[in-house]
>>> print(open('query.cif').read())   # mmCIF, C-alpha atoms
data_work
loop_
_atom_site.group_PDB
_atom_site.id
_atom_site.type_symbol
_atom_site.label_atom_id
_atom_site.label_comp_id
_atom_site.auth_asym_id
_atom_site.auth_seq_id
_atom_site.Cartn_x
_atom_site.Cartn_y
_atom_site.Cartn_z
ATOM 1 C CA MET L 1 0.000 0.000 0.000
ATOM 2 C CA LYS L 2 1.039 3.623 -0.436
ATOM 3 C CA ALA L 3 1.737 5.466 2.812
ATOM 4 C CA ALA L 4 3.372 8.581 4.189
ATOM 5 C CA TYR L 5 5.808 8.010 7.035
ATOM 6 C CA TYR L 6 8.823 9.404 8.816
ATOM 7 C CA THR L 7 11.760 7.679 10.500
ATOM 8 C CA LYS L 8 13.112 10.796 12.201
ATOM 9 C CA GLN L 9 11.590 13.988 13.525
ATOM 10 C CA GLY L 10 12.083 17.409 12.036
ATOM 11 C CA LYS L 11 10.673 19.744 9.404
ATOM 12 C CA ALA L 12 7.837 18.263 7.360
ATOM 13 C CA GLU L 13 9.609 18.863 4.072
ATOM 14 C CA ASP L 14 12.724 17.104 5.359
ATOM 15 C CA VAL L 15 11.379 13.975 7.060
ATOM 16 C CA PHE L 16 8.298 12.755 5.175
ATOM 17 C CA GLN L 17 8.594 9.866 2.741
ATOM 18 C CA VAL L 18 5.685 8.712 0.566
ATOM 19 C CA GLU L 19 6.049 5.301 -1.025
ATOM 20 C CA GLY L 20 4.843 1.711 -1.028
ATOM 21 C CA VAL L 21 5.018 -0.191 2.262
ATOM 22 C CA ASP L 22 3.678 -3.541 3.448
ATOM 23 C CA ASP L 23 -0.058 -3.574 4.156
ATOM 24 C CA ILE L 24 -0.972 -3.091 7.814
ATOM 25 C CA LEU L 25 -3.266 -6.073 8.333
ATOM 26 C CA PRO L 26 -5.799 -6.317 11.174
ATOM 27 C CA VAL L 27 -4.907 -8.520 14.119
ATOM 28 C CA ARG L 28 -7.403 -9.938 16.607
ATOM 29 C CA GLY L 29 -10.037 -7.360 17.580
ATOM 30 C CA GLU L 30 -9.067 -4.959 14.798
ATOM 31 C CA ILE L 31 -10.703 -3.593 11.669
ATOM 32 C CA GLN L 32 -8.895 -2.616 8.481
ATOM 33 C CA ILE L 33 -10.198 0.533 6.777
ATOM 34 C CA LYS L 34 -9.622 1.632 3.230
ATOM 35 C CA ILE L 35 -8.899 5.280 4.014
ATOM 36 C CA HIS L 36 -10.407 7.966 1.790
ATOM 37 C CA TYR L 37 -9.489 11.011 3.875
ATOM 38 C CA SER L 38 -7.016 11.483 6.708
ATOM 39 C CA GLY L 39 -7.461 14.318 9.214
ATOM 40 C CA VAL L 40 -4.520 16.508 10.234
ATOM 41 C CA ASN L 41 -4.377 17.874 13.786
ATOM 42 C CA PRO L 42 -1.955 20.288 15.477
ATOM 43 C CA GLY L 43 -0.844 17.626 17.972
ATOM 44 C CA GLU L 44 0.291 15.353 15.160
ATOM 45 C CA VAL L 45 2.251 18.181 13.584
ATOM 46 C CA LYS L 46 3.927 18.798 16.944
ATOM 47 C CA LYS L 47 4.757 15.110 17.386
ATOM 48 C CA ARG L 48 6.409 15.037 13.958
ATOM 49 C CA ALA L 49 8.417 18.156 14.841
ATOM 50 C CA ASP L 50 9.221 16.797 18.354
ATOM 51 C CA THR L 51 7.766 19.927 19.928
ATOM 52 C CA PHE L 52 7.137 18.019 23.153
ATOM 53 C CA GLY L 53 10.693 16.615 23.308
ATOM 54 C CA VAL L 54 9.461 13.026 23.620
ATOM 55 C CA GLY L 55 11.458 11.692 20.681
ATOM 56 C CA MET L 56 10.552 8.815 18.343
ATOM 57 C CA PRO L 57 8.484 6.148 20.155
ATOM 58 C CA TYR L 58 8.823 3.864 17.107
ATOM 59 C CA ASP L 59 11.434 3.487 14.371
ATOM 60 C CA LYS L 60 8.860 4.337 11.684
ATOM 61 C CA ILE L 61 5.631 6.318 12.110
ATOM 62 C CA ILE L 62 2.680 6.637 9.747
ATOM 63 C CA PRO L 63 0.998 9.718 11.254
ATOM 64 C CA HIS L 64 -2.569 10.890 11.911
ATOM 65 C CA SER L 65 -5.155 9.507 14.290
ATOM 66 C CA ASP L 66 -8.361 10.469 12.470
ATOM 67 C CA GLY L 67 -9.756 9.199 9.190
ATOM 68 C CA ALA L 68 -12.770 7.939 7.288
ATOM 69 C CA GLY L 69 -13.453 5.385 4.587
ATOM 70 C CA TYR L 70 -14.873 1.885 4.110
ATOM 71 C CA ILE L 71 -14.132 -1.367 5.933
ATOM 72 C CA LYS L 72 -11.924 -3.650 3.848
ATOM 73 C CA ASN L 73 -11.165 -6.493 6.239
ATOM 74 C CA VAL L 74 -11.547 -7.616 9.844
ATOM 75 C CA GLY L 75 -9.333 -9.472 12.263
ATOM 76 C CA GLU L 76 -10.114 -12.530 14.330
ATOM 77 C CA GLY L 77 -12.999 -12.043 16.725
ATOM 78 C CA VAL L 78 -14.645 -9.246 14.726
ATOM 79 C CA GLU L 79 -17.962 -9.782 12.922
ATOM 80 C CA GLU L 80 -17.550 -9.926 9.140
ATOM 81 C CA SER L 81 -20.731 -7.857 8.820
ATOM 82 C CA TRP L 82 -18.468 -4.817 9.280
ATOM 83 C CA ILE L 83 -16.964 -5.361 5.811
ATOM 84 C CA GLY L 84 -18.083 -2.725 3.315
ATOM 85 C CA LYS L 85 -19.490 -0.326 5.920
ATOM 86 C CA LYS L 86 -18.806 3.401 5.780
ATOM 87 C CA VAL L 87 -17.008 4.500 8.952
ATOM 88 C CA LEU L 88 -14.935 7.066 10.772
ATOM 89 C CA CYS L 89 -12.042 6.088 12.992
ATOM 90 C CA TYR L 90 -10.133 7.778 15.789
ATOM 91 C CA GLY L 91 -7.039 7.045 17.840
ATOM 92 C CA ALA L 92 -5.271 5.290 14.975
ATOM 93 C CA GLN L 93 -1.896 6.759 15.978
ATOM 94 C CA SER L 94 -2.575 7.361 19.654
ATOM 95 C CA TYR L 95 -0.033 5.162 21.449
ATOM 96 C CA ARG L 96 0.148 3.303 18.136
ATOM 97 C CA GLN L 97 2.674 3.195 15.305
ATOM 98 C CA PHE L 98 0.615 3.335 12.136
ATOM 99 C CA GLY L 99 -2.056 5.984 11.522
ATOM 100 C CA THR L 100 -4.401 7.026 8.736
ATOM 101 C CA ALA L 101 -1.943 8.655 6.312
ATOM 102 C CA ALA L 102 -2.017 5.487 4.210
ATOM 103 C CA GLU L 103 -4.269 3.602 1.826
ATOM 104 C CA TYR L 104 -5.153 1.128 4.592
ATOM 105 C CA CYS L 105 -5.206 1.478 8.354
ATOM 106 C CA SER L 106 -6.024 -1.097 11.023
ATOM 107 C CA VAL L 107 -7.483 0.002 14.355
ATOM 108 C CA PRO L 108 -9.292 -1.627 17.287
ATOM 109 C CA GLU L 109 -12.981 -2.242 16.633
ATOM 110 C CA ILE L 110 -13.875 0.094 19.500
ATOM 111 C CA ASN L 111 -12.199 2.973 17.603
ATOM 112 C CA VAL L 112 -14.612 2.682 14.680
ATOM 113 C CA VAL L 113 -18.103 4.164 14.272
ATOM 114 C CA GLU L 114 -20.459 3.472 11.388
ATOM 115 C CA LEU L 115 -21.661 6.439 9.339
ATOM 116 C CA ALA L 116 -24.930 7.100 7.572
ATOM 117 C CA GLU L 117 -24.425 6.834 3.822
ATOM 118 C CA HIS L 118 -25.201 10.536 3.248
ATOM 119 C CA VAL L 119 -22.531 11.755 5.705
ATOM 120 C CA ASP L 120 -19.585 13.496 4.034
ATOM 121 C CA LEU L 121 -16.389 11.452 4.488
ATOM 122 C CA LYS L 122 -14.357 14.668 4.506
ATOM 123 C CA GLN L 123 -16.186 15.874 7.583
ATOM 124 C CA ALA L 124 -16.168 12.487 9.280
ATOM 125 C CA ALA L 125 -12.399 12.198 8.801
ATOM 126 C CA GLN L 126 -11.696 15.166 11.061
ATOM 127 C CA MET L 127 -14.025 14.434 13.964
ATOM 128 C CA GLY L 128 -11.678 12.368 16.141
ATOM 129 C CA ILE L 129 -9.305 14.551 18.144
ATOM 130 C CA PRO L 130 -11.204 17.878 18.055
ATOM 131 C CA GLY L 131 -14.652 16.320 18.236
ATOM 132 C CA ILE L 132 -13.933 13.895 21.062
ATOM 133 C CA THR L 133 -12.129 16.631 23.019
ATOM 134 C CA ALA L 134 -15.113 18.938 22.539
ATOM 135 C CA HIS L 135 -17.650 16.292 23.504
ATOM 136 C CA ARG L 136 -15.802 15.504 26.721
ATOM 137 C CA ALA L 137 -15.387 19.208 27.501
ATOM 138 C CA VAL L 138 -19.168 19.619 27.273
ATOM 139 C CA ASN L 139 -20.004 16.473 29.236
ATOM 140 C CA VAL L 140 -17.257 16.302 31.866
ATOM 141 C CA GLY L 141 -18.541 16.214 35.407
ATOM 142 C CA ALA L 142 -21.716 14.386 34.456
ATOM 143 C CA ASP L 143 -22.838 11.079 35.893
ATOM 144 C CA GLY L 144 -21.788 8.947 32.960
ATOM 145 C CA VAL L 145 -20.539 10.097 29.555
ATOM 146 C CA ARG L 146 -23.488 12.198 28.369
ATOM 147 C CA ASN L 147 -24.826 15.206 30.216
ATOM 148 C CA ASN L 148 -28.194 16.867 29.754
ATOM 149 C CA ARG L 149 -27.325 20.545 30.071
ATOM 150 C CA GLY L 150 -30.844 21.672 29.305
ATOM 151 C CA GLY L 151 -31.463 25.023 30.996
ATOM 152 C CA GLN L 152 -27.749 25.697 31.499
ATOM 153 C CA VAL L 153 -25.597 28.346 29.847
ATOM 154 C CA VAL L 154 -22.331 27.090 28.370
ATOM 155 C CA LEU L 155 -19.592 29.440 27.120
ATOM 156 C CA ILE L 156 -16.999 28.195 24.631
ATOM 157 C CA GLN L 157 -13.809 30.245 24.580
ATOM 158 C CA GLY L 158 -12.285 30.121 21.099
ATOM 159 C CA GLY L 159 -15.511 29.304 19.296
ATOM 160 C CA SER L 160 -14.021 29.578 15.800
ATOM 161 C CA GLY L 161 -11.405 26.857 16.350
ATOM 162 C CA ALA L 162 -11.926 23.199 15.514
ATOM 163 C CA VAL L 163 -12.561 22.099 19.109
ATOM 164 C CA GLY L 164 -14.588 25.247 19.702
ATOM 165 C CA GLN L 165 -16.915 24.641 16.768
ATOM 166 C CA CYS L 166 -17.405 21.002 17.749
ATOM 167 C CA ALA L 167 -18.078 22.079 21.336
ATOM 168 C CA ILE L 168 -20.736 24.533 20.160
ATOM 169 C CA ALA L 169 -22.458 21.744 18.225
ATOM 170 C CA MET L 170 -22.226 19.289 21.138
ATOM 171 C CA ALA L 171 -23.415 21.846 23.710
ATOM 172 C CA LYS L 172 -26.412 22.664 21.526
ATOM 173 C CA LYS L 173 -27.108 18.949 21.151
ATOM 174 C CA SER L 174 -27.069 18.630 24.958
ATOM 175 C CA GLY L 175 -29.784 21.279 25.281
ATOM 176 C CA ALA L 176 -27.655 24.150 26.599
ATOM 177 C CA GLU L 177 -27.914 27.803 25.702
ATOM 178 C CA THR L 178 -24.578 28.118 23.937
ATOM 179 C CA LEU L 179 -22.296 31.152 23.846
ATOM 180 C CA ALA L 180 -18.895 31.564 22.243
ATOM 181 C CA THR L 181 -15.992 33.982 22.099
ATOM 182 C CA VAL L 182 -13.764 34.788 19.131
ATOM 183 C CA THR L 183 -10.660 36.963 18.851
ATOM 184 C CA LYS L 184 -11.406 38.443 15.417
ATOM 185 C CA SER L 185 -14.611 40.012 14.152
ATOM 186 C CA GLU L 186 -14.379 38.029 10.908
ATOM 187 C CA ASP L 187 -14.672 34.827 12.966
ATOM 188 C CA ILE L 188 -18.049 35.717 14.466
ATOM 189 C CA GLU L 189 -19.867 34.095 11.528
ATOM 190 C CA ILE L 190 -17.882 30.876 11.962
ATOM 191 C CA ALA L 191 -19.106 30.493 15.551
ATOM 192 C CA LYS L 192 -22.655 31.427 14.566
ATOM 193 C CA ASN L 193 -22.626 28.893 11.730
ATOM 194 C CA ALA L 194 -21.539 26.248 14.245
ATOM 195 C CA GLY L 195 -24.736 26.997 16.176
ATOM 196 C CA ALA L 196 -23.802 29.537 18.867
ATOM 197 C CA ASP L 197 -26.752 31.447 20.298
ATOM 198 C CA GLY L 198 -24.516 34.417 21.064
ATOM 199 C CA VAL L 199 -20.946 35.383 20.127
ATOM 200 C CA TYR L 200 -18.666 37.814 21.974
ATOM 201 C CA LEU L 201 -15.503 39.463 20.712
ATOM 202 C CA VAL L 202 -12.556 39.035 23.079
ATOM 203 C CA ASN L 203 -11.576 42.510 24.298
ATOM 204 C CA ASP L 204 -11.220 44.495 27.510
ATOM 205 C CA SER L 205 -15.018 44.597 27.882
ATOM 206 C CA LEU L 206 -15.644 40.861 27.545
ATOM 207 C CA LYS L 207 -16.479 40.269 31.217
ATOM 208 C CA GLU L 208 -18.841 43.242 31.355
ATOM 209 C CA ASN L 209 -20.521 42.284 28.086
ATOM 210 C CA VAL L 210 -21.235 38.720 29.207
ATOM 211 C CA LEU L 211 -22.468 39.761 32.655
ATOM 212 C CA ASN L 212 -24.635 42.473 31.140
ATOM 213 C CA ASP L 213 -26.474 39.764 29.164
ATOM 214 C CA TYR L 214 -26.247 37.078 31.882
ATOM 215 C CA PRO L 215 -26.167 38.839 35.284
ATOM 216 C CA ASP L 216 -26.223 35.524 37.168
ATOM 217 C CA GLY L 217 -23.250 34.262 35.182
ATOM 218 C CA VAL L 218 -22.776 31.079 33.152
ATOM 219 C CA ASP L 219 -22.767 27.461 34.294
ATOM 220 C CA HIS L 220 -19.853 25.966 32.400
ATOM 221 C CA ILE L 221 -16.892 27.264 30.371
ATOM 222 C CA ILE L 222 -14.866 25.345 27.781
ATOM 223 C CA GLU L 223 -11.388 26.813 27.643
ATOM 224 C CA VAL L 224 -8.639 26.903 25.008
ATOM 225 C CA ALA L 225 -6.364 29.515 26.668
ATOM 226 C CA PHE L 226 -6.507 28.657 30.360
ATOM 227 C CA ALA L 227 -3.875 31.074 31.677
ATOM 228 C CA ALA L 228 -5.087 34.051 29.663
ATOM 229 C CA ASN L 229 -8.753 33.695 30.579
ATOM 230 C CA ILE L 230 -8.837 32.344 34.136
ATOM 231 C CA GLU L 231 -9.496 35.742 35.780
ATOM 232 C CA ASN L 232 -12.436 36.513 33.474
ATOM 233 C CA ASN L 233 -13.751 32.972 33.775
ATOM 234 C CA VAL L 234 -13.918 33.149 37.565
ATOM 235 C CA ALA L 235 -15.777 36.456 37.318
ATOM 236 C CA ILE L 236 -18.452 35.234 34.895
ATOM 237 C CA LEU L 237 -19.087 31.763 36.347
ATOM 238 C CA LYS L 238 -22.017 31.091 38.634
ATOM 239 C CA GLN L 239 -21.444 29.807 42.149
ATOM 240 C CA GLY L 240 -20.592 26.133 41.724
ATOM 241 C CA GLY L 241 -19.759 26.535 38.048
ATOM 242 C CA SER L 242 -17.100 24.618 36.161
ATOM 243 C CA ILE L 243 -14.287 24.983 33.633
ATOM 244 C CA ALA L 244 -13.151 22.280 31.211
ATOM 245 C CA THR L 245 -9.793 23.162 29.690
ATOM 246 C CA TYR L 246 -7.823 21.346 27.021
ATOM 247 C CA ALA L 247 -5.091 23.926 26.287
ATOM 248 C CA THR L 248 -3.278 26.926 27.723
ATOM 249 C CA ASN L 249 -1.412 29.864 26.279
ATOM 250 C CA GLN L 250 1.138 29.732 29.097
ATOM 251 C CA ASN L 251 2.743 26.941 31.099
ATOM 252 C CA PRO L 252 2.969 26.965 34.056
ATOM 253 C CA ALA L 253 -0.291 28.828 34.576
ATOM 254 C CA SER L 254 -1.129 30.650 37.798
ATOM 255 C CA ILE L 255 -4.659 30.663 39.209
ATOM 256 C CA PRO L 256 -6.651 33.040 41.440
ATOM 257 C CA PHE L 257 -6.973 30.430 44.170
ATOM 258 C CA TRP L 258 -9.265 32.115 46.695
ATOM 259 C CA PRO L 259 -11.808 33.458 44.186
ATOM 260 C CA LEU L 260 -12.035 29.934 42.778
ATOM 261 C CA VAL L 261 -12.500 28.520 46.279
ATOM 262 C CA PHE L 262 -15.096 31.066 47.342
ATOM 263 C CA SER L 263 -17.105 30.386 44.164
ATOM 264 C CA ASN L 264 -16.724 26.598 44.513
ATOM 265 C CA ILE L 265 -15.485 26.320 40.941
ATOM 266 C CA SER L 266 -14.535 22.900 39.550
ATOM 267 C CA ILE L 267 -11.741 22.727 36.949
ATOM 268 C CA PHE L 268 -11.303 19.733 34.663
ATOM 269 C CA PHE L 269 -8.080 19.242 32.685
ATOM 270 C CA LEU L 270 -8.631 17.204 29.537
ATOM 271 C CA GLY L 271 -6.154 15.175 27.473
ATOM 272 C CA SER L 272 -8.016 13.367 24.705
ATOM 273 C CA ASP L 273 -5.556 10.482 24.257
ATOM 274 C CA ASP L 274 -6.363 9.212 27.727
ATOM 275 C CA PHE L 275 -10.133 9.521 27.894
ATOM 276 C CA LYS L 276 -11.875 6.277 28.805
ATOM 277 C CA ASN L 277 -12.956 4.064 25.919
ATOM 278 C CA ASP L 278 -16.659 4.479 26.667
ATOM 279 C CA GLU L 279 -16.244 8.266 26.705
ATOM 280 C CA LYS L 280 -14.538 8.222 23.311
ATOM 281 C CA GLN L 281 -17.086 5.849 21.853
ATOM 282 C CA ALA L 282 -20.021 7.934 23.109
ATOM 283 C CA ALA L 283 -18.417 11.054 21.672
ATOM 284 C CA ALA L 284 -17.795 9.499 18.264
ATOM 285 C CA HIS L 285 -21.367 8.221 18.072
ATOM 286 C CA ASP L 286 -22.796 11.635 18.988
ATOM 287 C CA LEU L 287 -20.574 13.379 16.437
ATOM 288 C CA ALA L 288 -21.571 10.939 13.704
ATOM 289 C CA GLU L 289 -25.204 11.427 14.664
ATOM 290 C CA ALA L 290 -24.844 15.222 14.555
ATOM 291 C CA LEU L 291 -23.382 15.008 11.025
ATOM 292 C CA SER L 292 -26.208 12.692 9.996
ATOM 293 C CA GLU L 293 -28.764 15.144 11.388
ATOM 294 C CA GLY L 294 -27.417 18.013 9.294
ATOM 295 C CA TRP L 295 -24.560 19.603 11.227
ATOM 296 C CA THR L 296 -22.209 20.923 8.531
ATOM 297 C CA GLY L 297 -19.052 20.175 10.508
ATOM 298 C CA LEU L 298 -15.776 22.075 10.216
ATOM 299 C CA PRO L 299 -14.749 24.471 7.412
ATOM 300 C CA ILE L 300 -12.066 22.888 5.232
ATOM 301 C CA GLY L 301 -9.255 25.140 4.082
ATOM 302 C CA GLU L 302 -7.545 22.794 1.649
ATOM 303 C CA ILE L 303 -7.363 19.121 0.714
ATOM 304 C CA TYR L 304 -3.897 17.812 -0.143
ATOM 305 C CA PRO L 305 -2.978 14.616 -2.011
ATOM 306 C CA LEU L 306 -0.996 12.090 0.011
ATOM 307 C CA GLU L 307 2.135 13.008 -1.947
ATOM 308 C CA ASN L 308 1.822 16.548 -0.540
ATOM 309 C CA ILE L 309 1.372 15.594 3.107
ATOM 310 C CA ALA L 310 4.224 17.917 4.063
ATOM 311 C CA GLN L 311 2.195 20.837 2.700
ATOM 312 C CA ALA L 312 -0.755 19.747 4.816
ATOM 313 C CA HIS L 313 1.437 19.923 7.916
ATOM 314 C CA LEU L 314 2.754 23.328 6.856
ATOM 315 C CA HIS L 315 -0.876 24.436 6.462
ATOM 316 C CA ILE L 316 -1.377 23.724 10.173
ATOM 317 C CA GLU L 317 1.948 25.251 11.213
ATOM 318 C CA GLY L 318 1.201 28.407 9.227
ATOM 319 C CA ARG L 319 -2.253 28.685 10.834
ATOM 320 C CA LYS L 320 -3.859 28.921 7.413
ATOM 321 C CA LYS L 321 -7.597 29.386 7.332
ATOM 322 C CA GLY L 322 -9.708 26.251 7.577
ATOM 323 C CA ARG L 323 -8.813 22.666 8.287
ATOM 324 C CA ALA L 324 -6.288 20.607 6.321
ATOM 325 C CA LEU L 325 -7.151 17.137 5.026
ATOM 326 C CA VAL L 326 -5.110 14.547 3.184
ATOM 327 C CA LYS L 327 -6.943 12.790 0.372
ATOM 328 C CA ILE L 328 -5.954 9.144 0.049
ATOM 329 C CA ILE L 329 -8.719 7.691 -2.151
ATOM 330 C CA GLY L 330 -11.869 9.222 -3.571
#
>>> encode(input="query.cif", output="structure tokens")
Amino acid sequence: MKAAYYTKQGKAEDVFQVEGVDDILPVRGEIQIKIHYSGVNPGEVKKRADTFGVGMPYDKIIPHSDGAGYIKNVGEGVEESWIGKKVLCYGAQSYRQFGTAAEYCSVPEINVVELAEHVDLKQAAQMGIPGITAHRAVNVGADGVRNNRGGQVVLIQGGSGAVGQCAIAMAKKSGAETLATVTKSEDIEIAKNAGADGVYLVNDSLKENVLNDYPDGVDHIIEVAFAANIENNVAILKQGGSIATYATNQNPASIPFWPLVFSNISIFFLGSDDFKNDEKQAAAHDLAEALSEGWTGLPIGEIYPLENIAQAHLHIEGRKKGRALVKIIG
């Protein structure tokens, strides 16, 4: 099969190789997918560049955790009725060597969710990391993996980003009144198109603007820049409110300890690789269902052929508008 891989870390244009490699066949409990589109996420770009200083966990890595396509084969212990089904997958290169940047990818059965035939494979291929992170950020703190936030007000900081847009969609699906913030006025429409009931521009008046509309504060905040926004978040949360954060603009990050204590605020720190399997599975099912029900998903900036995977990574590094996808087949 044709695949993109690297055997050392570094610049995308220096380390990627695209050529024929041995098929990655499914072992017991796995499903082999004929990949049509492979999603590209910032974390995967950082792993390739060794931003985290972890080094190479394997001697050869086929990158990317998210993808979508059709089931080609199944391993021992998996029902053959899977074969031919249209699916999305997640976690393909999470603690694993071979991801979705290849014609075929094998993943555990639990990492696969069937799609309705009318769902766009391009959208399904990018739901894994951002979508599962967003779903957990909405539902964390619930009894179980799904939370009915009907009657609550949820604020998504960074509502024009990939996780932010997915969080808007998932919060709306949970029944919450859903607010979002954006840093640029041209991004207001992106958050609105994702389903936000109200969108605020991040500026010196953000706290006052939110509290003017919601004097009692909001119930739950989903946070992309923990250090930058913690002071405002404490001020606009209700007593007993909560924050779910998956990223920070500064590490280490200081916190206003006593205001958090006096308001009984709960803070949840979320790393998507290590969510429980049932949490990931519930998230993937809800995301697939949302796409089936008409959610338009995430704006795509550009689709790159597998041979140009380095350009797809540079798209992410350069913060170009829209998501980057790698087209394998289709």
>>> atom_distance(input="query.cif", atom1="CA of Val87 in chain L", atom2="CA of Thr296 in chain L")
17.2 Å
>>> resolve_selection(input="query.cif", expression="the PyMOL selection byres ((chain L and resi 218-223) around 7)", output="ChimeraX atom specification")
/L:137,152-157,216-217,224-226,236-238,241-246
>>> closest_residue(input="query.cif", among="L:Val15, L:Leu314, L:Ile33, L:Leu88", to="Glu117 in chain L", atoms="only C-alpha atoms")
L:Leu88
>>> axis_aligned_box(input="query.cif", around="range 35-42 of chain L", padding_each_side="4 Å", output="AutoDock Vina command-line options")
--center_x -6.2 --center_y 12.8 --center_z 8.6 --size_x 16.5 --size_y 23.0 --size_z 21.7
>>> closest_residue(input="query.cif", among="L:Leu291, L:Leu325, L:Leu115, L:Leu25", to="Leu306 in chain L", atoms="all atoms listed in the file")
L:Leu325
>>> closest_residue(input="query.cif", among="L:Arg136, L:Gly55, L:Ala290, L:Gly141", to="Ile267 in chain L", atoms="all atoms listed in the file")
L:Gly141
>>> residues_around(input="query.cif", residues="Lys173 in chain L", least_positions_apart="6", cutoff="10 Å", atoms="all atoms listed in the file", output="ChimeraX atom specification")
/L:148-150,167,195,286-287,290
>>> resolve_selection(input="query.cif", expression="the PyMOL selection byres ((chain L and resi 3) around 8)", output="list in words")
Met1, Lys2, Ala4, Tyr5, Val18, Glu19, Gly20, Val21, Ile62, Ala101, Ala102, Glu103 and Leu306 of chain L
>>> residues_around(input="query.cif", residues="Ile24 in chain L", least_positions_apart="4", cutoff="8 Å", atoms="all atoms listed in the file", output="PyMOL selection string")
chain L and resi 32+98+104-106
>>> decode(input="query.cif", residues="range 19-61 of chain L", atoms="C-alpha atoms", output="mmCIF file, in the first residue's frame")
data_model
loop_
_atom_site.group_PDB
_atom_site.id
_atom_site.type_symbol
_atom_site.label_atom_id
_atom_site.label_comp_id
_atom_site.auth_asym_id
_atom_site.auth_seq_id
_atom_site.Cartn_x
_atom_site.Cartn_y
_atom_site.Cartn_z
ATOM 1 C CA GLU L 19 6.049 5.301 -1.025
ATOM 2 C CA GLY L 20 4.843 1.711 -1.028
ATOM 3 C CA VAL L 21 5.018 -0.191 2.262
ATOM 4 C CA ASP L 22 3.678 -3.541 3.448
ATOM 5 C CA ASP L 23 -0.058 -3.574 4.156
ATOM 6 C CA ILE L 24 -0.972 -3.091 7.814
ATOM 7 C CA LEU L 25 -3.266 -6.073 8.333
ATOM 8 C CA PRO L 26 -5.799 -6.317 11.174
ATOM 9 C CA VAL L 27 -4.907 -8.520 14.119
ATOM 10 C CA ARG L 28 -7.403 -9.938 16.607
ATOM 11 C CA GLY L 29 -10.037 -7.360 17.580
ATOM 12 C CA GLU L 30 -9.067 -4.959 14.798
ATOM 13 C CA ILE L 31 -10.703 -3.593 11.669
ATOM 14 C CA GLN L 32 -8.895 -2.616 8.481
ATOM 15 C CA ILE L 33 -10.198 0.533 6.777
ATOM 16 C CA LYS L 34 -9.622 1.632 3.230
ATOM 17 C CA ILE L 35 -8.899 5.280 4.014
ATOM 18 C CA HIS L 36 -10.407 7.966 1.790
ATOM 19 C CA TYR L 37 -9.489 11.011 3.875
ATOM 20 C CA SER L 38 -7.016 11.483 6.708
ATOM 21 C CA GLY L 39 -7.461 14.318 9.214
ATOM 22 C CA VAL L 40 -4.520 16.508 10.234
ATOM 23 C CA ASN L 41 -4.377 17.874 13.786
ATOM 24 C CA PRO L 42 -1.955 20.288 15.477
ATOM 25 C CA GLY L 43 -0.844 17.626 17.972
ATOM 26 C CA GLU L 44 0.291 15.353 15.160
ATOM 27 C CA VAL L 45 2.251 18.181 13.584
ATOM 28 C CA LYS L 46 3.927 18.798 16.944
ATOM 29 C CA LYS L 47 4.757 15.110 17.386
ATOM 30 C CA ARG L 48 6.409 15.037 13.958
ATOM 31 C CA ALA L 49 8.417 18.156 14.841
ATOM 32 C CA ASP L 50 9.221 16.797 18.354
ATOM 33 C CA THR L 51 7.766 19.927 19.928
ATOM 34 C CA PHE L 52 7.137 18.019 23.153
ATOM 35 C CA GLY L 53 10.693 16.615 23.308
ATOM 36 C CA VAL L 54 9.461 13.026 23.620
ATOM 37 C CA GLY L 55 11.458 11.692 20.681
ATOM 38 C CA MET L 56 10.552 8.815 18.343
ATOM 39 C CA PRO L 57 8.484 6.148 20.155
ATOM 40 C CA TYR L 58 8.823 3.864 17.107
ATOM 41 C CA ASP L 59 11.434 3.487 14.371
ATOM 42 C CA LYS L 60 8.860 4.337 11.684
ATOM 43 C CA ILE L 61 5.631 6.318 12.110
#
